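J.: Would you mind keeping the following structure in view while I ask a few things?
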Amino acid sequence: MNELIKIIMLCGLFVASAHAENAATPAGKAPAKSPAQMIDKDSECTRCHDENDKTPILTIYQTAHGNKADTRTPSCQSCHGESLKHLSSKSNAPDVIFGSKKGAYSPNAVNDQNTACLTCHEKDPKRTHWQGGAHQAANLACTSCHVAHTPHDKVREKPTQAQVCYTCHQDQKAQANKFSHHPIPEGKIACSDCHNPHGSAGPKLLVKNTVTETCYTCHAEKRGPFLWEHQPATEDCTICHTPHGSNITPLLKSRPPFMCDECHDGPHASKNPVAGNAAGAQGGITGNPSSSYTGRACMNCHSMVHGSNDPAGALLQR
Amino acid sequence: MKTRNEEKHVSFLGLAVRCALMAVATLPLDAYADDDAAALKQPTNSIEAGTLYSSQNSARFGQYNGLNDSGFYGLGGFDVRGGDGYDSSKDSALRWKLGGSNLGTTSRALDGSVSDQGNWKINLGYDELQHNITNSYQTPLQGGGGNNLTLPTNFGSTINTKTGLNSTQLGDFHTEQEYVNRKNGSVSTSYTFSPSLSAQIDYNHLDQSGGKLIGTGSQGGITIPGKTTGKAEGNNIIMNPTSYQTDNVNAALNWRGDKGHLTGGYYGSMFHDDYNSLSWQSPVTSAASPCTGTNCYTNNTMSTAPSNTLHQANLTGGYNFTSATKLAGGFSYGYNSQNSAYAPTNIQQVNLQPGGTLYSNMMQAGGLPASSLNGVVETKHGDLKLTNQSIKDLTLSAGLKYNERVNLTSSNTYNYVNIGSSGVGTNGYYTGINTPYSNSKTQYEAAAAYRLTKAQNVNLAYEHESVKRWCDTVVGGAQCVSSPSSEEDKIALTYRLKMIDDVNFNAGYTFSDRRADTAAFLANAGNYASTTAISSSALNAGNFLGFVAYPYASRVENMTKAGFTWQATQKLDVGVNGRYAYDNYDATLGVQNGRSTGVNVDANYNYAENSSVSAYWNWQNGLRNLSSGATGNGTAAYTPSQITTPMNIWTNQLQDNSNTVGLLTRRDGLFNNKLELIGDLSYALDTTGYLTQTPYSPTCGSGASLTCGSLSPISNEIISLKLTGNYKVHKNGKLSLTYMYQKLNSNDYYYNGQQFGTTPTALIPTGLQPQSYAVNVVALSYNHSF
């Protein structure tokens with residue numbers, strides 16, 4: 001708790017000093033231009049970059065970046081720079097070339113590309129933690145994921161978003177198609193339902209501050225608090241579950257009783273070695289199979305592993 | 001480089017002259033191009049209708065896609081957009097959108113939005129998802145979907161579920177489909193008061209219905225006719241009803257100034273379960289009984305997920321001291337409460353054995369301190385990160401994070417009849433003391449990213465993590481947590497090199513060292529009953545000396561990764577990357593070590609415009625080694641001083657292996673640019689195996705025990721082929737024909753012990769089948785764009 005107080009005090013100090021530094025800086029407003037005027041401004045570029053361009057430049061008018069009646073809407077040159085040399089001769093590159101692959105011109109450094117986007121987007125609450133975040137540190141450009149000129153930016157649409165993320169996160173692509181998985185391949189969950197790729201205060205760029213908080217956004221029934229808590233369930237769901245996919249349902253890292261044995265060695269069945277006897281008669285055991293090892297094993301009885309609210313459920317059986 | 005985001009000021013006269021000149025110069029071309037250019041600026045609407053045929057019933061194939069039954073499905077979808085905001089001749093930013101997908105299945109979704117961009121926006125959404133779990137589950141219990149499951153009156157009792165079920169009982173088994181249907185409705189609105197102030201409110205209502213399977217153990221010691229008692233821990237896999245409603249609210253007020261921005265928000269999550277308990281009847285007895293009729297059954301009750309609420313206040317923001325020095329951070333406070341009524345605790349005894357022990361209530365005298373928990377958990381979070389780029393090519397950052405979960409719930413003593421009660425004297429009593437867990441995590445981090453040259457970057461990061469765990473008030477003052485604290489240091493180094501123009505290489509290494517306080521480790525601390533020895537209260541608390549659970553053990557972790565991408569030509573890309581991690585735990589018993597390895601190879605060849613072939617291979621391998629101790633003596637430990645040294649050490653190894661290969665191809669421009677073909681072929685094989693060694697037992701491999709050796713691997717092999725042809729029947733119409741074949745070969749010993757005739761003697765069979773399938777799907781649809 002002391003750490004929290006220190007943080008609050010430190011932040012208060014920063015905010016106060018910042019306020020003093022910027023007390024009187026009212027931004028002067030330029031008269032808003034009409035949509036037609038804005039379009040005309042773009043015509044410096046679109047007289048060449050027209051409907052015949054290999055990449056459909058004009059489709060940007062279908063996006064939020066092309067809604068010219070919104071006074072915040074950028075012009076071509078807001079993002080690509082004034083590009084005066086390019087305007088005089090197409091052999092010269094525009095000031096800002098986005099992307100990572102070499103085409104007719106070489107792309108600008110990632111930092112320069114991102115500056116063009118962050119000029120407007122840095123102060124969006126979802127990008128508060130971009131600086132120093134995992135993707136910024138990995139030198140990713142905004143255009144590594146986003147395509148600004150298309151009305152259907154894959155990464156912003158739930159059914160196609162994962163395809164973009166999988167470009168780099170290939171292990172997760174394989175895991176998402178395993179026997180037990182979240183409905184990501186089916187397009188019902190997007191990576192951004194759990195992760196904020198623009199940076200977050202949580203681990204692994206999670207949208208919430210902790211793993212458990214993130215999981216509870218959909219699995220609120222696991223939140224409790226329960227009368228009888230299971231300590232790892234209160235700390236981190238990933239102690240037992242692997243969220244991107246598993247060979248063992250439901251998204252388990254291992255199968256009971258082996259998974260339970262990793263933490264328990266009580267006098268009840270968790271102290272006993274288990275092998276083929278977990279496979280019952282079909283596995284070759286000649287005696288009666290044990291309900292402690294077969295099927296759900298420990299969870300045949302101790303099924304309330306996320307916590308029990310039964311006054312007679314201390315052993316997570318009820 | 002100069003990026004400008006301000007309006008360019010041009011005089012009206014200059015603008016008019018320039019416009020006129022441009023108009024004159026381009027008029028002839030525009031006459032031809034106007035339609036195409038306008039089409040690109042206007043949204044393309046589409047509507048899709050068709051039909052799909054699926055060849056097989058399969059809950060696994062239809063787990064999330066809504067195609068769980070064989071037969072025909074309707075295909076429907078649409079995407080319609082409009083508004084004056086698409087017309088540059090109008091001074092309006094109004095745009096709207098309506099969309100729908102998968103309308104003919106239980107995976108349907110609908111959404112709509114209308115916005116005056118820059119001023120306000122309203123979104124509406126509806127999303128449905130049926131999570132199909134199984135269609136092979138069998139049970140004699142009736143009342144699925146509710147919270148009171150009863151046996152048919154003719155079922156009678158049984159002493160042996162493996163071989164003792166008679167024909168009447170077998171005839172009472174019926175198949176129940178298990179699924180959970182999630183229906184999600186959402187509304188979100190945002191309003192911009194000024195360029196520096198905006199607000200947003202999101203509301204989401206999730207309705208879940210259906211059921212999932214859950215394991216249960218029946219109550220022992222209850223007398224039933226025929227001079228016997230109900231079997232303790234008779235197992236029944238039953239239908240746990242899902243009848244949930246969750247309401248989530250997100251509200252935020254955003255302020256942005258020249259140098260800083262701040263968001264104050266509220267997050268509320270209200271979860272409601274229609275049930276607070278689940279009751280079921282068990283027919284399993286501890287001795288043979290001639291009993292017939294409903295009096296033969298024991299009635300059992302367990303809790304369900306309790307209704308609960310979370311209210312959280314959040315504050316996040318950032319401040320740019322200069323363009324090179326930035327601060328970002330946030331705080332939050334959450335209040336999570338739960339006061340759902342406890343499950344009924346009366347055992348509904350129906351026929352008493354004269355002279356026998358009667359447990360008319362599961363709770364013993366004075367053993368139920370309250371009728372509900374009145375549980376409260378407070379969560380607190382704070383984070384700050386300062387970044388600086390004052391020195392050219394060098395980015396520095398330093399941060400602090402703090403998370404705390406404080407469980408303020410009271411600790412009390414609950415005396416009840418244990419599930420394994422024999423029903424004689426006090427042997428079946430259990431004294432439980434709830435231990436409300438609290439924990440905190442403090443992290444300090446510092447990082448530096450330096451651009452060595454135009455082609456080389458290096459990142460160095462250090463993090464320290466301090467974890468504390470405790471219980472504020474536990475009756476008797478007993479230790480409640482497994483490990484009270486740990487300290488961890490982590491250092492990570494990443495190097496990136498652009499070797500030549502088209503080749504990028506990266507490599508990284510991470511080392512972490514966690515030092516945990518495990519001096520008084522109790523694996524079952526949560527069940528720690530009392531500081532005073534009560535024999536039956538020590539159940540499940542017999543820890544062996546040197547055993548530490550892996551999440552709480554001291555650990556050293558080494559992790560390396562490397563990869564490269566090569567743009568061989570304008571048309572060909574190749575990428576290869578791999579990773580290796582090794583964990584070593586400082587524990588005499590428990591998890592000893594683990595490793596994981598992964599390799600990815602992919603290549604993409606764009607052999608023509610909009611035509612490509614790509615291939616990928618992914619291999620992942622994991623291993624975990626565990627040591628534990630078998631019975632040394634029968635003494636249970638309920639204080640650290642009573643922990644004993646195990647006599648027999650056994651080991652277990654988990655082996656995970658996964659291989660995935662895939663080939664995707666797309667060919668456009670066929671038949672005079674009318675036909676597009678898309679192919680997607682993939683193969684995946686995942687295996688999970690366990691190897692147990694018990695060197696102290698020479699007979700461990702005999703059929704009578706089978707406690708050593710390899711367990712038949714859990715294996716899932718999936719082959720998938722999807723072929724799609726899109727044919728333009730006219731300018732705005734496209735006919736799509738899709739064929740998909742998917743086959744799953746699933747081998748899993750999990751199901752063995754649930755089959756009729758091969759169950760443990762006190763486990764009611766479910767007949768659950770491995771979920772292999774081979775499904776053919778054909779879909780035909782017409783997509784009209786306008």
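Scheme for the structure tokens: letters A, B, ... for chains in order shown; per-chain residue numbers from 1; ligand numbers from 1 in order shown.
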Write out as a list in words each polymer residue whose atoms come within 6 Å of stretch 593-598 of chain B, counting only C-alpha atoms; drop sequence neighbours fewer than 4 positions from it.

T.: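 Counting only the stated atoms, we get Gly578, Arg579, Tyr580, Ala581, Tyr582, Asp583, Asn584, Tyr585, Trp619, Gln620, Asn621, Gly622, Leu623, Arg624 and Asn625 of chain B.
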
J.: Once you have the residues from the selection above, write them out as a PDB file, in the first residue's frame, restricted to N, CA and C atoms.

T.:
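Contents of again.pdb, freshly written:
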ATOM      1  N   GLY B 578      12.845 -18.936 -33.959  1.00  0.00           N
ATOM      2  CA  GLY B 578      12.785 -20.010 -32.963  1.00  0.00           C
ATOM      3  C   GLY B 578      12.979 -19.459 -31.566  1.00  0.00           C
ATOM      4  N   ARG B 579      12.596 -20.259 -30.598  1.00  0.00           N
ATOM      5  CA  ARG B 579      12.763 -19.856 -29.192  1.00  0.00           C
ATOM      6  C   ARG B 579      13.050 -21.081 -28.348  1.00  0.00           C
ATOM      7  N   TYR B 580      13.720 -20.856 -27.250  1.00  0.00           N
ATOM      8  CA  TYR B 580      14.014 -21.948 -26.325  1.00  0.00           C
ATOM      9  C   TYR B 580      13.993 -21.373 -24.917  1.00  0.00           C
ATOM     10  N   ALA B 581      13.311 -22.043 -24.019  1.00  0.00           N
ATOM     11  CA  ALA B 581      13.263 -21.578 -22.624  1.00  0.00           C
ATOM     12  C   ALA B 581      13.502 -22.760 -21.704  1.00  0.00           C
ATOM     13  N   TYR B 582      14.234 -22.523 -20.644  1.00  0.00           N
ATOM     14  CA  TYR B 582      14.501 -23.580 -19.670  1.00  0.00           C
ATOM     15  C   TYR B 582      14.287 -23.012 -18.272  1.00  0.00           C
ATOM     16  N   ASP B 583      13.447 -23.689 -17.497  1.00  0.00           N
ATOM     17  CA  ASP B 583      13.164 -23.283 -16.120  1.00  0.00           C
ATOM     18  C   ASP B 583      13.757 -24.327 -15.176  1.00  0.00           C
ATOM     19  N   ASN B 584      14.415 -23.863 -14.151  1.00  0.00           N
ATOM     20  CA  ASN B 584      14.949 -24.790 -13.147  1.00  0.00           C
ATOM     21  C   ASN B 584      14.439 -24.357 -11.779  1.00  0.00           C
ATOM     22  N   TYR B 585      13.752 -25.269 -11.088  1.00  0.00           N
ATOM     23  CA  TYR B 585      13.135 -24.934  -9.805  1.00  0.00           C
ATOM     24  C   TYR B 585      13.984 -25.447  -8.648  1.00  0.00           C
ATOM     25  N   TRP B 619       6.490 -25.783 -35.114  1.00  0.00           N
ATOM     26  CA  TRP B 619       6.776 -26.914 -34.235  1.00  0.00           C
ATOM     27  C   TRP B 619       6.954 -26.391 -32.823  1.00  0.00           C
ATOM     28  N   GLN B 620       6.246 -27.015 -31.888  1.00  0.00           N
ATOM     29  CA  GLN B 620       6.387 -26.625 -30.490  1.00  0.00           C
ATOM     30  C   GLN B 620       6.565 -27.879 -29.653  1.00  0.00           C
ATOM     31  N   ASN B 621       7.464 -27.778 -28.700  1.00  0.00           N
ATOM     32  CA  ASN B 621       7.766 -28.931 -27.871  1.00  0.00           C
ATOM     33  C   ASN B 621       7.956 -28.467 -26.435  1.00  0.00           C
ATOM     34  N   GLY B 622       7.373 -29.197 -25.508  1.00  0.00           N
ATOM     35  CA  GLY B 622       7.522 -28.840 -24.102  1.00  0.00           C
ATOM     36  C   GLY B 622       7.760 -30.061 -23.246  1.00  0.00           C
ATOM     37  N   LEU B 623       8.426 -29.839 -22.137  1.00  0.00           N
ATOM     38  CA  LEU B 623       8.727 -30.948 -21.228  1.00  0.00           C
ATOM     39  C   LEU B 623       8.716 -30.412 -19.802  1.00  0.00           C
ATOM     40  N   ARG B 624       8.181 -31.212 -18.897  1.00  0.00           N
ATOM     41  CA  ARG B 624       8.164 -30.836 -17.475  1.00  0.00           C
ATOM     42  C   ARG B 624       8.499 -32.057 -16.637  1.00  0.00           C
ATOM     43  N   ASN B 625       9.445 -31.916 -15.712  1.00  0.00           N
ATOM     44  CA  ASN B 625       9.831 -33.022 -14.830  1.00  0.00           C
ATOM     45  C   ASN B 625       9.374 -32.738 -13.412  1.00  0.00           C
TER      46      ASN B 625
END

J.: List the spatial neighbours of stretch 251-256 of chain A as an MDAnalysis selection string - criterion: any atom at most 10 Å away, only C-alpha atoms, same-chain residues fewer than 3 positions off excluded.

T.: (chainID A and resid 178:182 238:248 259:262 270 278 292:300) or (chainID B and resid 624 654:656 688:690 714 750)

J.: Return the single residue from A:Thr119, A:Ala138, A:Asn277, A:Ile57 that is closest to B:Asn506, with distances computed using only C-alpha atoms.

T.: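 Nearest candidate to B:Asn506 out of A:Thr119, A:Ala138, A:Asn277, A:Ile57: A:Ala138.
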
J.: Need to verify the contact set: B:Val377, 6 Å, only C-alpha atoms, exclusion of same-chain residues closer than 6 positions in sequence. Can you return it as an NGL selection string?

T.: :B and (336 or 406-408)

J.: Which residue out of B:Ala37, B:Val114, B:Leu67, B:Val187 has the minimum interatomic distance to chain A when only C-alpha atoms are used?

T.: B:Ala37

J.: For A:Lys126, please output as a PyMOL selection string all residues within 9 Å (counting only C-alpha atoms; exclusion window: fewer than 6 positions along the same chain).

T.: chain A and resi 196+198-200

J.: Go ahead and save the residues from that selection, with N, CA and C atoms, as an mmCIF file, in the first residue's frame.

T.:
data_model
loop_
_atom_site.group_PDB
_atom_site.id
_atom_site.type_symbol
_atom_site.label_atom_id
_atom_site.label_comp_id
_atom_site.auth_asym_id
_atom_site.auth_seq_id
_atom_site.Cartn_x
_atom_site.Cartn_y
_atom_site.Cartn_z
ATOM 1 N N ASN A 196 -4.107 -5.136 -25.378
ATOM 2 C CA ASN A 196 -4.070 -3.816 -25.998
ATOM 3 C C ASN A 196 -2.721 -3.670 -26.698
ATOM 4 N N HIS A 198 -1.430 -1.414 -28.219
ATOM 5 C CA HIS A 198 -0.806 -0.089 -28.137
ATOM 6 C C HIS A 198 -0.156 0.155 -26.788
ATOM 7 N N GLY A 199 -0.126 -0.861 -25.956
ATOM 8 C CA GLY A 199 0.533 -0.726 -24.665
ATOM 9 C C GLY A 199 -0.467 -0.720 -23.533
ATOM 10 N N SER A 200 -0.062 -1.280 -22.410
ATOM 11 C CA SER A 200 -0.961 -1.300 -21.252
ATOM 12 C C SER A 200 -0.139 -1.382 -19.985
#

J.: Which of these residues is nearest to chain A, using only C-alpha atoms: B:Gly164, B:Gly50, B:Gly318, B:Gly230?

T.: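 The answer is B:Gly318, which sits nearest to chain A.
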
J.: Can you measure atom CA of A:Gly266 to atom CA of B:Asp748 for me? One decimal in Å is fine.

T.: 27.1 Å

J.: Return the single residue from B:Lys571, B:Lys90, B:Arg555, B:His464 that is closest to chain A, with distances computed using only C-alpha atoms.

T.: B:Lys90

J.: For the helix (DSSP H, G or I) assignment from backbone DSSP, which residues of stretch 66-96 of chain A qualify? Please present them as a VMD selection string.

T.: chain A and resid 66 76 to 80 84 to 88

J.: I'd like to know which of A:His230, A:His80, A:Lys271, A:His302 is closest to B:Cys480, using only C-alpha atoms.

T.: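 Using only C-alpha atoms, B:Cys480 sits closest to A:His230.
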
J.: Just to confirm, what's the straight-line distance from atom CA of B:Glu233 to atom CA of B:Ser628 in Å (one decimal)?

T.: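 Answer for the atom CA of B:Glu233 to atom CA of B:Ser628 separation: 25.1 Å.
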
J.: Can you work out which one of A:Ala275, A:Cys48, A:Ala64, A:Ala93 has the shortest atom-to-atom distance to chain B, counting only C-alpha atoms?

T.: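 Nearest to chain B: A:Ala275.
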
J.: State, in Å with one decimal place, the distance from atom CA of B:Glu676 to atom CA of B:Gly733.

T.: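 So the two atoms, atom CA of B:Glu676 and atom CA of B:Gly733, lie 13.4 Å apart.
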
J.: Residues within 8 Å of stretch 93-97 of chain B, please, as a PyMOL selection string. Count only C-alpha atoms; anything in the same chain fewer than 2 positions from it doesn't count.

T.: (chain A and resi 67-70) or (chain B and resi 79-86+91+99+112-118)

J.: Could you please take those selected residues and save C-alpha atoms as a PDB file, in the first residue's frame?

T.:
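Ended up saving to out20.pdb:
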ATOM      1  CA  ASN A  67     -14.578  12.265 -43.453  1.00  0.00           C
ATOM      2  CA  LYS A  68     -13.810  15.834 -44.388  1.00  0.00           C
ATOM      3  CA  ALA A  69     -16.601  17.502 -42.455  1.00  0.00           C
ATOM      4  CA  ASP A  70     -14.814  16.494 -39.265  1.00  0.00           C
TER       5      ASP A  70
ATOM      6  CA  ASP B  79     -22.819  -4.628 -44.731  1.00  0.00           C
ATOM      7  CA  VAL B  80     -24.576  -1.376 -45.531  1.00  0.00           C
ATOM      8  CA  ARG B  81     -23.080   2.054 -45.002  1.00  0.00           C
ATOM      9  CA  GLY B  82     -24.215   5.525 -45.844  1.00  0.00           C
ATOM     10  CA  GLY B  83     -24.673   9.102 -44.746  1.00  0.00           C
ATOM     11  CA  ASP B  84     -23.869  12.572 -45.942  1.00  0.00           C
ATOM     12  CA  GLY B  85     -20.396  12.187 -44.484  1.00  0.00           C
ATOM     13  CA  TYR B  86     -19.468  10.291 -47.634  1.00  0.00           C
ATOM     14  CA  ASP B  91     -20.973  19.873 -44.939  1.00  0.00           C
ATOM     15  CA  GLY B  99     -23.865  -5.100 -40.503  1.00  0.00           C
ATOM     16  CA  GLY B 112     -25.030  -0.846 -36.236  1.00  0.00           C
ATOM     17  CA  SER B 113     -23.612   2.574 -35.696  1.00  0.00           C
ATOM     18  CA  VAL B 114     -24.391   6.165 -36.474  1.00  0.00           C
ATOM     19  CA  SER B 115     -22.016   9.024 -35.913  1.00  0.00           C
ATOM     20  CA  ASP B 116     -21.477  12.638 -36.543  1.00  0.00           C
ATOM     21  CA  GLN B 117     -17.738  12.206 -36.644  1.00  0.00           C
ATOM     22  CA  GLY B 118     -15.973  14.486 -34.271  1.00  0.00           C
TER      23      GLY B 118
END
